[in-house]
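*Asks:* Below is one structure. I have some questions about it.
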Amino acid sequence: EEVGKTQRDFYLKQQLKAIKEELGEADESIALSNELEKKLKKKKMPKEAREKVEKEIKRLEGMPSMSPEYSYIRTYVEWMLDVPWTEKTKDILDIKKSKEILDADHYDLEKVKEHILDYLAVRKLKGKTTKGPILCFVGPPGVGKTTFAESISKALDRNFGKISLGGMSDSAELVGHRRAYIGSNPGKIVTSLIKCGSNNPVFLLDEVDKLKKDYKGDPASTLLDILDVSQNKRFVDNYIDEEIDLSKILFILTANDISNIPPALLDRLEIIDLTG
């Protein structure tokens with residue numbers, strides 16, 4: 001009886017859908033879910049994430065478009081489809097070309113440029129297995145810390161993203177808020193990834209020495225997990241709630257004063273001084 005009732009309900013729903021389409025009154029939620037399903041078919045993503053998106057699209061179909069929950073689910077599905085799960089750019093590891101780019105963008109600073117070229121040369125030699133310390137440019141404002149990071153992304157032919165950490169005290173700014181909160185969104189890590197459109201950009205984390213710790217959390221501790229190559233393969237944003245691989249991102253940090261960087265974080269960094 002149960003099976004018969006389910007089949008009958010499904011059959012009637014399909015008839016209703018066909019009648020509405022014939023009359024040109026197709027439900028907005030059905031039209032939207034069809035559009036999202038088309039996007040999902042074209043999108044490459046992990047199996048778990050795909051199953052979650054499929055489940056949410058099915059929920060949308062049976063929900064009136066005026067329902068408040070409708071917009072939450074729709075926003076979530078759109079964010080999931082925007083994440084560059086597998087999209088990436090191909091690296092160009094040409095040391096001679098990299099030197100030309102660094103020379104064109106910066107006058108003098110030979111020691112700093114030599115250090116960067118050494119770093120890129122090691123990446124070229126080790127290939128995909130590169131697990132080295134993270135570059136951190138330290139110096140007063142205006143010496144070219146940000147432009148050096150941009151030059152590295154240009155030399156590697158990678159997309160470039162910038163996240164300002166100055167004055168940040170809430171860990172949720174980096175890792176997002178849970179979907180249960182009204183108006184919640186993914187954190188800056190995921191939104192920057194989406195803006196870059198690839199899963200292997202160069203990320204500049206600006207002013208790491210100005211992170212603050214208060215009752216909202218400790219962003220410096222969150223940053224440790226994000227920068228740790230062994231852990232960031234399984235990074236989970238609170239909003240997306242699925243594992244995202246951050247290990248392909250090249251992180252570059254900047255700071256004005258090394259003494260304000262927490263010791264645990266400083267231990268993972270390769271400091272490059274840019275004197276005033």
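How things are named: the first chain in the structure tokens is A, the next is B, and so on; residues count from 1 in each chain; ligands count from 1 in the order shown.
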Against segment 182-200 of chain A, which residues of segment 53-77 of chain A fall within 10 Å? For each one I want the closest pair of atoms and the distance in Å (one decimal), counting only C-alpha atoms, rows by chain and increasing residue number, as a tab-separated table.

*Replies:*
residue	atom	partner	partner_atom	distance
A:Tyr72	CA	A:Gly183	CA	8.4
A:Thr75	CA	A:Asn185	CA	9.1
A:Tyr76	CA	A:Asn185	CA	8.6

*Asks:* Fewer than 5 positions away in the same chain doesn't count, so skip those; otherwise give me all residues within 12 Å of Lys113 of chain A, counting only C-alpha atoms, as a CSV table (one decimal) with N, CA and C atoms, in the first residue's frame.

*Replies:*
chain,number,residue,atom,x,y,z
A,95,ILE,N,62.7,30.0,-14.1
A,95,ILE,CA,63.4,30.9,-13.2
A,95,ILE,C,63.9,32.2,-13.9
A,98,SER,N,61.0,34.5,-14.3
A,98,SER,CA,60.7,35.0,-12.9
A,98,SER,C,61.6,36.1,-12.6
A,99,LYS,N,62.9,35.9,-12.9
A,99,LYS,CA,63.9,37.0,-12.5
A,99,LYS,C,63.6,38.3,-13.3
A,100,GLU,N,63.2,38.1,-14.6
A,100,GLU,CA,62.8,39.3,-15.4
A,100,GLU,C,61.6,40.0,-14.8
A,101,ILE,N,60.6,39.3,-14.4
A,101,ILE,CA,59.4,39.9,-13.8
A,101,ILE,C,59.8,40.6,-12.5
A,102,LEU,N,60.6,40.0,-11.6
A,102,LEU,CA,61.0,40.6,-10.3
A,102,LEU,C,61.8,41.9,-10.6
A,103,ASP,N,62.7,41.8,-11.6
A,103,ASP,CA,63.5,43.0,-11.9
A,103,ASP,C,62.6,44.1,-12.5
A,104,ALA,N,61.6,43.8,-13.3
A,104,ALA,CA,60.8,44.8,-13.9
A,104,ALA,C,59.9,45.5,-12.8
A,105,ASP,N,59.5,44.7,-11.8
A,105,ASP,CA,58.5,45.2,-10.8
A,105,ASP,C,59.2,45.9,-9.6
A,106,HIS,N,60.5,45.6,-9.4
A,106,HIS,CA,61.2,46.1,-8.2
A,106,HIS,C,62.6,46.5,-8.5
A,107,TYR,N,63.0,47.7,-8.1
A,107,TYR,CA,64.4,48.2,-8.3
A,107,TYR,C,65.2,47.8,-7.1
A,108,ASP,N,66.5,47.3,-7.4
A,108,ASP,CA,67.4,46.8,-6.4
A,108,ASP,C,66.9,45.7,-5.6
A,118,ASP,N,65.4,31.4,-5.3
A,118,ASP,CA,65.8,30.2,-4.6
A,118,ASP,C,64.6,29.3,-4.3
A,119,TYR,N,63.7,30.0,-3.7
A,119,TYR,CA,62.4,29.4,-3.2
A,119,TYR,C,61.7,28.8,-4.4
A,120,LEU,N,61.6,29.5,-5.5
A,120,LEU,CA,60.9,29.0,-6.8
A,120,LEU,C,61.7,27.9,-7.4
A,137,PHE,N,57.1,38.2,4.3
A,137,PHE,CA,57.8,39.5,4.1
A,137,PHE,C,57.6,40.4,5.3
A,144,GLY,N,57.3,47.4,-0.5
A,144,GLY,CA,57.0,46.5,-1.6
A,144,GLY,C,56.7,45.0,-1.3
A,145,LYS,N,56.2,44.8,0.0
A,145,LYS,CA,55.8,43.5,0.4
A,145,LYS,C,54.7,42.9,-0.4
A,148,PHE,N,55.7,42.3,-4.1
A,148,PHE,CA,56.5,41.1,-4.3
A,148,PHE,C,55.6,39.8,-4.4
A,149,ALA,N,54.6,39.8,-3.6
A,149,ALA,CA,53.6,38.6,-3.6
A,149,ALA,C,52.9,38.6,-5.0
A,151,SER,N,54.1,39.8,-7.8
A,151,SER,CA,55.1,39.4,-8.8
A,151,SER,C,55.3,37.9,-8.8
A,152,ILE,N,55.3,37.2,-7.6
A,152,ILE,CA,55.4,35.8,-7.5
A,152,ILE,C,54.2,35.1,-8.3
A,272,ILE,N,61.6,36.9,5.5
A,272,ILE,CA,62.4,37.7,4.5
A,272,ILE,C,62.3,39.2,4.9
A,273,ASP,N,63.4,39.7,5.3
A,273,ASP,CA,63.4,41.1,5.8
A,273,ASP,C,63.5,42.1,4.6
A,274,LEU,N,62.6,43.1,4.6
A,274,LEU,CA,62.7,44.2,3.6
A,274,LEU,C,62.9,45.4,4.4

*Asks:* Using the chain letters and numbers from this document, which residues of segment 70-201 of chain A does DSSP assign to alpha helix (DSSP H), as an MDAnalysis selection string?

*Replies:* chainID A and resid 70:82 95:105 110:126 145:156 172:175 188:196

*Asks:* Using C-alpha atoms, can you export the residues from the last selection as an mmCIF file, in the first residue's frame?

*Replies:*
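Writing the result to out-v4.cif gives the following:
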data_model
loop_
_atom_site.group_PDB
_atom_site.id
_atom_site.type_symbol
_atom_site.label_atom_id
_atom_site.label_comp_id
_atom_site.auth_asym_id
_atom_site.auth_seq_id
_atom_site.Cartn_x
_atom_site.Cartn_y
_atom_site.Cartn_z
ATOM 1 C CA TYR A 70 13.993 28.365 0.308
ATOM 2 C CA SER A 71 16.412 31.295 -0.018
ATOM 3 C CA TYR A 72 18.848 29.758 2.540
ATOM 4 C CA ILE A 73 19.019 26.461 0.629
ATOM 5 C CA ARG A 74 19.296 28.206 -2.737
ATOM 6 C CA THR A 75 22.186 30.408 -1.506
ATOM 7 C CA TYR A 76 23.978 27.374 -0.053
ATOM 8 C CA VAL A 77 23.672 25.376 -3.313
ATOM 9 C CA GLU A 78 24.951 28.358 -5.337
ATOM 10 C CA TRP A 79 27.984 28.742 -3.032
ATOM 11 C CA MET A 80 28.722 24.995 -3.338
ATOM 12 C CA LEU A 81 28.591 25.194 -7.147
ATOM 13 C CA ASP A 82 30.919 28.225 -7.141
ATOM 14 C CA ILE A 95 63.430 30.896 -13.211
ATOM 15 C CA LYS A 96 64.853 33.183 -15.929
ATOM 16 C CA LYS A 97 61.393 34.607 -16.681
ATOM 17 C CA SER A 98 60.696 34.962 -12.950
ATOM 18 C CA LYS A 99 63.896 37.004 -12.537
ATOM 19 C CA GLU A 100 62.834 39.300 -15.394
ATOM 20 C CA ILE A 101 59.407 39.855 -13.769
ATOM 21 C CA LEU A 102 60.956 40.590 -10.328
ATOM 22 C CA ASP A 103 63.491 42.997 -11.891
ATOM 23 C CA ALA A 104 60.762 44.777 -13.871
ATOM 24 C CA ASP A 105 58.535 45.228 -10.795
ATOM 25 C CA GLU A 110 68.807 41.962 -4.871
ATOM 26 C CA LYS A 111 69.053 39.766 -1.743
ATOM 27 C CA VAL A 112 65.263 39.523 -1.450
ATOM 28 C CA LYS A 113 64.884 38.679 -5.147
ATOM 29 C CA GLU A 114 67.623 36.047 -4.901
ATOM 30 C CA HIS A 115 65.824 34.467 -1.917
ATOM 31 C CA ILE A 116 62.528 34.334 -3.857
ATOM 32 C CA LEU A 117 64.243 32.796 -6.910
ATOM 33 C CA ASP A 118 65.847 30.153 -4.646
ATOM 34 C CA TYR A 119 62.402 29.376 -3.245
ATOM 35 C CA LEU A 120 60.899 29.026 -6.753
ATOM 36 C CA ALA A 121 63.870 26.911 -7.913
ATOM 37 C CA VAL A 122 63.322 24.473 -5.017
ATOM 38 C CA ARG A 123 59.617 24.228 -5.967
ATOM 39 C CA LYS A 124 60.672 23.430 -9.538
ATOM 40 C CA LEU A 125 63.145 20.726 -8.415
ATOM 41 C CA LYS A 126 60.798 19.067 -5.929
ATOM 42 C CA LYS A 145 55.844 43.470 0.393
ATOM 43 C CA THR A 146 52.471 43.209 -1.382
ATOM 44 C CA THR A 147 53.929 43.855 -4.843
ATOM 45 C CA PHE A 148 56.487 41.076 -4.297
ATOM 46 C CA ALA A 149 53.617 38.641 -3.637
ATOM 47 C CA GLU A 150 51.881 39.871 -6.824
ATOM 48 C CA SER A 151 55.125 39.390 -8.780
ATOM 49 C CA ILE A 152 55.406 35.776 -7.538
ATOM 50 C CA SER A 153 51.838 35.039 -8.707
ATOM 51 C CA LYS A 154 52.675 36.623 -12.069
ATOM 52 C CA ALA A 155 55.889 34.587 -12.366
ATOM 53 C CA LEU A 156 54.026 31.331 -11.616
ATOM 54 C CA ALA A 172 34.609 32.997 11.882
ATOM 55 C CA GLU A 173 35.811 35.698 9.447
ATOM 56 C CA LEU A 174 38.310 33.140 8.149
ATOM 57 C CA VAL A 175 36.281 29.927 8.472
ATOM 58 C CA LYS A 188 37.308 34.749 3.652
ATOM 59 C CA ILE A 189 39.363 31.685 2.674
ATOM 60 C CA VAL A 190 36.529 30.156 0.638
ATOM 61 C CA THR A 191 35.210 33.461 -0.770
ATOM 62 C CA SER A 192 38.744 34.377 -1.939
ATOM 63 C CA LEU A 193 39.099 30.923 -3.551
ATOM 64 C CA ILE A 194 35.821 31.491 -5.413
ATOM 65 C CA LYS A 195 36.970 34.961 -6.585
ATOM 66 C CA CYS A 196 40.227 33.438 -7.873
#

*Asks:* Can you build me a table of segment 210-249 of chain A residues sitting at most 10 Å from segment 43-61 of chain A, with the closest atom pair per residue and its distance in Å to one decimal, using only C-alpha atoms, sorted by chain and residue number, as JSON lines?

*Replies:*
{"residue": "A:Ile240", "atom": "CA", "partner": "A:Ala49", "partner_atom": "CA", "distance": 9.2}
{"residue": "A:Asp241", "atom": "CA", "partner": "A:Ala49", "partner_atom": "CA", "distance": 9.1}
{"residue": "A:Glu242", "atom": "CA", "partner": "A:Ala49", "partner_atom": "CA", "distance": 6.4}
{"residue": "A:Glu243", "atom": "CA", "partner": "A:Ala49", "partner_atom": "CA", "distance": 8.4}
{"residue": "A:Ile244", "atom": "CA", "partner": "A:Pro46", "partner_atom": "CA", "distance": 9.3}

*Asks:* For atom CA of Met168 of chain A and atom CA of Lys210 of chain A, quote the distance in Å rounded to one decimal.

*Replies:*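 Interatomic distance here is 7.5 Å.
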
*Asks:* Counting only C-alpha atoms, figure out which residue out of A:Val208, A:Arg268, A:Ser67, A:Lys5 gets nearest to Val138 of chain A.

*Replies:*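 Checking each candidate against Val138 of chain A, we get A:Val208 as the closest.
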
*Asks:* Quick one, how far is atom CA of Gln7 of chain A from atom CA of Ile30 of chain A?

*Replies:*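 We find that atom CA of Gln7 of chain A and atom CA of Ile30 of chain A lie 19.5 Å from each other.
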
*Asks:* Any idea what's packed within 12 Å of Gly166 of chain A, counting only C-alpha atoms, ignoring anything in its chain fewer than 6 positions away? Could you give it as a PDB file with N, CA, C and O atoms, in the first residue's frame?

*Replies:*
ATOM      1  N   GLU A 173      35.542  34.923  10.670  1.00  0.00           N
ATOM      2  CA  GLU A 173      35.811  35.698   9.447  1.00  0.00           C
ATOM      3  C   GLU A 173      36.643  34.879   8.460  1.00  0.00           C
ATOM      4  O   GLU A 173      36.531  35.038   7.257  1.00  0.00           O
ATOM      5  N   LEU A 205      48.281  36.877   2.768  1.00  0.00           N
ATOM      6  CA  LEU A 205      47.639  37.142   4.059  1.00  0.00           C
ATOM      7  C   LEU A 205      48.356  38.352   4.645  1.00  0.00           C
ATOM      8  O   LEU A 205      49.478  38.249   5.145  1.00  0.00           O
ATOM      9  N   ASP A 206      47.698  39.498   4.550  1.00  0.00           N
ATOM     10  CA  ASP A 206      48.330  40.778   4.856  1.00  0.00           C
ATOM     11  C   ASP A 206      48.240  41.125   6.341  1.00  0.00           C
ATOM     12  O   ASP A 206      47.199  40.946   6.971  1.00  0.00           O
ATOM     13  N   GLU A 207      49.330  41.674   6.872  1.00  0.00           N
ATOM     14  CA  GLU A 207      49.408  42.170   8.260  1.00  0.00           C
ATOM     15  C   GLU A 207      49.077  41.096   9.299  1.00  0.00           C
ATOM     16  O   GLU A 207      48.199  41.271  10.147  1.00  0.00           O
ATOM     17  N   VAL A 208      49.795  39.993   9.230  1.00  0.00           N
ATOM     18  CA  VAL A 208      49.560  38.877  10.154  1.00  0.00           C
ATOM     19  C   VAL A 208      49.916  39.259  11.600  1.00  0.00           C
ATOM     20  O   VAL A 208      49.406  38.661  12.554  1.00  0.00           O
ATOM     21  N   ASP A 209      50.766  40.267  11.765  1.00  0.00           N
ATOM     22  CA  ASP A 209      51.161  40.690  13.125  1.00  0.00           C
ATOM     23  C   ASP A 209      50.076  41.511  13.823  1.00  0.00           C
ATOM     24  O   ASP A 209      50.188  41.818  15.006  1.00  0.00           O
ATOM     25  N   LYS A 210      49.011  41.858  13.094  1.00  0.00           N
ATOM     26  CA  LYS A 210      47.946  42.687  13.695  1.00  0.00           C
ATOM     27  C   LYS A 210      46.686  41.889  14.019  1.00  0.00           C
ATOM     28  O   LYS A 210      45.613  42.458  14.221  1.00  0.00           O
ATOM     29  N   LEU A 211      46.805  40.568  14.064  1.00  0.00           N
ATOM     30  CA  LEU A 211      45.679  39.724  14.492  1.00  0.00           C
ATOM     31  C   LEU A 211      45.422  39.939  15.973  1.00  0.00           C
ATOM     32  O   LEU A 211      46.350  40.115  16.752  1.00  0.00           O
ATOM     33  N   LYS A 212      44.144  39.918  16.362  1.00  0.00           N
ATOM     34  CA  LYS A 212      43.795  40.138  17.770  1.00  0.00           C
ATOM     35  C   LYS A 212      43.121  38.899  18.348  1.00  0.00           C
ATOM     36  O   LYS A 212      42.449  38.158  17.639  1.00  0.00           O
ATOM     37  N   LYS A 213      43.285  38.722  19.646  1.00  0.00           N
ATOM     38  CA  LYS A 213      42.661  37.586  20.333  1.00  0.00           C
ATOM     39  C   LYS A 213      41.680  38.132  21.374  1.00  0.00           C
ATOM     40  O   LYS A 213      42.061  38.932  22.223  1.00  0.00           O
ATOM     41  N   PRO A 219      42.101  34.058  15.895  1.00  0.00           N
ATOM     42  CA  PRO A 219      42.348  33.802  14.460  1.00  0.00           C
ATOM     43  C   PRO A 219      43.737  33.228  14.179  1.00  0.00           C
ATOM     44  O   PRO A 219      43.916  32.500  13.213  1.00  0.00           O
ATOM     45  N   ALA A 220      44.718  33.545  15.043  1.00  0.00           N
ATOM     46  CA  ALA A 220      46.085  33.038  14.827  1.00  0.00           C
ATOM     47  C   ALA A 220      46.118  31.512  14.926  1.00  0.00           C
ATOM     48  O   ALA A 220      46.803  30.839  14.152  1.00  0.00           O
ATOM     49  N   LEU A 253      52.781  35.600   3.540  1.00  0.00           N
ATOM     50  CA  LEU A 253      52.333  36.479   4.622  1.00  0.00           C
ATOM     51  C   LEU A 253      53.154  37.764   4.635  1.00  0.00           C
ATOM     52  O   LEU A 253      54.296  37.786   4.152  1.00  0.00           O
ATOM     53  N   THR A 254      52.579  38.829   5.169  1.00  0.00           N
ATOM     54  CA  THR A 254      53.343  40.065   5.364  1.00  0.00           C
ATOM     55  C   THR A 254      53.140  40.547   6.802  1.00  0.00           C
ATOM     56  O   THR A 254      52.106  40.272   7.412  1.00  0.00           O
ATOM     57  N   ALA A 255      54.143  41.252   7.322  1.00  0.00           N
ATOM     58  CA  ALA A 255      54.062  41.799   8.680  1.00  0.00           C
ATOM     59  C   ALA A 255      54.959  43.020   8.780  1.00  0.00           C
ATOM     60  O   ALA A 255      55.929  43.155   8.023  1.00  0.00           O
ATOM     61  N   ASN A 256      54.613  43.922   9.703  1.00  0.00           N
ATOM     62  CA  ASN A 256      55.462  45.094   9.962  1.00  0.00           C
ATOM     63  C   ASN A 256      56.439  44.819  11.104  1.00  0.00           C
ATOM     64  O   ASN A 256      57.556  45.308  11.106  1.00  0.00           O
ATOM     65  N   ASN A 260      55.274  40.682  17.139  1.00  0.00           N
ATOM     66  CA  ASN A 260      53.842  40.536  17.415  1.00  0.00           C
ATOM     67  C   ASN A 260      53.237  39.255  16.834  1.00  0.00           C
ATOM     68  O   ASN A 260      52.052  38.999  17.006  1.00  0.00           O
TER      69      ASN A 260
END

*Asks:* Mind the document's chain letters and residue numbers, and return as an NGL selection string the residues of segment 23-213 of chain A that DSSP labels strand (DSSP E).

*Replies:* :A and (134-138 or 160-164 or 202-206)

*Asks:* Please produce a file of those selected residues containing all heavy atoms, as a compact mmCIF listing (two decimals), in the first residue's frame.

*Replies:*
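Here's the written file part11.txt:
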# COMPACT_ATOMS: atom_id res chain seq x y z
N ILE A 134 56.54 28.71 4.89
CA ILE A 134 55.75 29.71 4.17
C ILE A 134 56.49 31.05 4.20
O ILE A 134 57.00 31.46 5.25
CB ILE A 134 54.35 29.82 4.81
CG1 ILE A 134 53.56 28.55 4.47
CG2 ILE A 134 53.58 31.02 4.33
CD1 ILE A 134 52.79 28.00 5.59
N LEU A 135 56.57 31.70 3.05
CA LEU A 135 57.27 32.99 2.98
C LEU A 135 56.54 34.06 3.77
O LEU A 135 55.31 34.15 3.71
CB LEU A 135 57.41 33.45 1.52
CG LEU A 135 58.30 32.63 0.58
CD1 LEU A 135 58.29 33.27 -0.79
CD2 LEU A 135 59.72 32.55 1.09
N CYS A 136 57.31 34.87 4.51
CA CYS A 136 56.72 36.00 5.23
C CYS A 136 57.61 37.22 5.03
O CYS A 136 58.77 37.23 5.46
CB CYS A 136 56.58 35.68 6.72
SG CYS A 136 55.86 37.03 7.67
N PHE A 137 57.08 38.22 4.34
CA PHE A 137 57.83 39.46 4.11
C PHE A 137 57.63 40.39 5.31
O PHE A 137 56.49 40.72 5.64
CB PHE A 137 57.37 40.15 2.82
CG PHE A 137 57.63 39.35 1.58
CD1 PHE A 137 56.59 38.93 0.77
CD2 PHE A 137 58.93 39.03 1.21
CE1 PHE A 137 56.83 38.19 -0.39
CE2 PHE A 137 59.18 38.28 0.06
CZ PHE A 137 58.13 37.86 -0.74
N VAL A 138 58.75 40.81 5.92
CA VAL A 138 58.66 41.67 7.10
C VAL A 138 59.37 42.99 6.81
O VAL A 138 60.51 43.00 6.33
CB VAL A 138 59.30 41.00 8.34
CG1 VAL A 138 59.26 41.94 9.55
CG2 VAL A 138 58.58 39.70 8.67
N PHE A 160 45.67 35.51 -8.18
CA PHE A 160 46.14 36.16 -6.95
C PHE A 160 44.97 36.59 -6.08
O PHE A 160 44.01 37.19 -6.55
CB PHE A 160 47.00 37.38 -7.32
CG PHE A 160 47.55 38.14 -6.14
CD1 PHE A 160 48.62 37.63 -5.42
CD2 PHE A 160 47.00 39.36 -5.75
CE1 PHE A 160 49.13 38.33 -4.34
CE2 PHE A 160 47.50 40.05 -4.67
CZ PHE A 160 48.58 39.54 -3.96
N GLY A 161 45.04 36.26 -4.79
CA GLY A 161 44.01 36.67 -3.84
C GLY A 161 44.64 37.32 -2.62
O GLY A 161 45.73 36.93 -2.20
N LYS A 162 43.96 38.31 -2.06
CA LYS A 162 44.50 39.01 -0.89
C LYS A 162 43.48 39.02 0.24
O LYS A 162 42.31 39.33 0.03
CB LYS A 162 44.87 40.44 -1.26
CG LYS A 162 45.49 41.23 -0.12
CD LYS A 162 45.72 42.68 -0.50
CE LYS A 162 46.18 43.47 0.71
NZ LYS A 162 46.23 44.91 0.46
N ILE A 163 43.93 38.65 1.45
CA ILE A 163 43.07 38.68 2.63
C ILE A 163 43.74 39.56 3.67
O ILE A 163 44.88 39.29 4.09
CB ILE A 163 42.85 37.26 3.21
CG1 ILE A 163 42.14 36.36 2.18
CG2 ILE A 163 42.05 37.30 4.51
CD1 ILE A 163 42.08 34.90 2.56
N SER A 164 43.07 40.63 4.10
CA SER A 164 43.62 41.53 5.12
C SER A 164 43.30 41.00 6.50
O SER A 164 42.14 40.79 6.84
CB SER A 164 43.03 42.94 4.95
OG SER A 164 43.45 43.48 3.72
N VAL A 202 47.81 32.12 -5.57
CA VAL A 202 48.73 32.67 -4.57
C VAL A 202 47.88 33.53 -3.64
O VAL A 202 47.18 34.43 -4.09
CB VAL A 202 49.84 33.53 -5.24
CG1 VAL A 202 50.66 34.26 -4.20
CG2 VAL A 202 50.74 32.66 -6.11
N PHE A 203 47.91 33.21 -2.34
CA PHE A 203 47.13 33.96 -1.35
C PHE A 203 48.06 34.83 -0.53
O PHE A 203 49.00 34.33 0.09
CB PHE A 203 46.42 32.99 -0.40
CG PHE A 203 44.99 32.71 -0.78
CD1 PHE A 203 44.47 33.14 -1.98
CD2 PHE A 203 44.15 31.99 0.07
CE1 PHE A 203 43.16 32.87 -2.34
CE2 PHE A 203 42.84 31.71 -0.27
CZ PHE A 203 42.35 32.15 -1.48
N LEU A 204 47.80 36.12 -0.51
CA LEU A 204 48.55 37.03 0.35
C LEU A 204 47.73 37.27 1.62
O LEU A 204 46.62 37.79 1.56
CB LEU A 204 48.80 38.36 -0.37
CG LEU A 204 49.45 39.45 0.49
CD1 LEU A 204 50.88 39.08 0.84
CD2 LEU A 204 49.42 40.79 -0.20
N LEU A 205 48.28 36.88 2.77
CA LEU A 205 47.64 37.14 4.06
C LEU A 205 48.36 38.35 4.65
O LEU A 205 49.48 38.25 5.14
CB LEU A 205 47.74 35.92 4.98
CG LEU A 205 47.17 34.61 4.40
CD1 LEU A 205 47.37 33.46 5.36
CD2 LEU A 205 45.68 34.76 4.09
N ASP A 206 47.70 39.50 4.55
CA ASP A 206 48.33 40.78 4.86
C ASP A 206 48.24 41.13 6.34
O ASP A 206 47.20 40.95 6.97
CB ASP A 206 47.63 41.87 4.02
CG ASP A 206 48.53 43.05 3.75
OD1 ASP A 206 49.76 42.91 3.93
OD2 ASP A 206 48.02 44.11 3.36

*Asks:* Hey, can you check how far atom CA of Leu269 of chain A sits from atom CA of Tyr239 of chain A?

*Replies:*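 Interatomic distance here is 28.5 Å.
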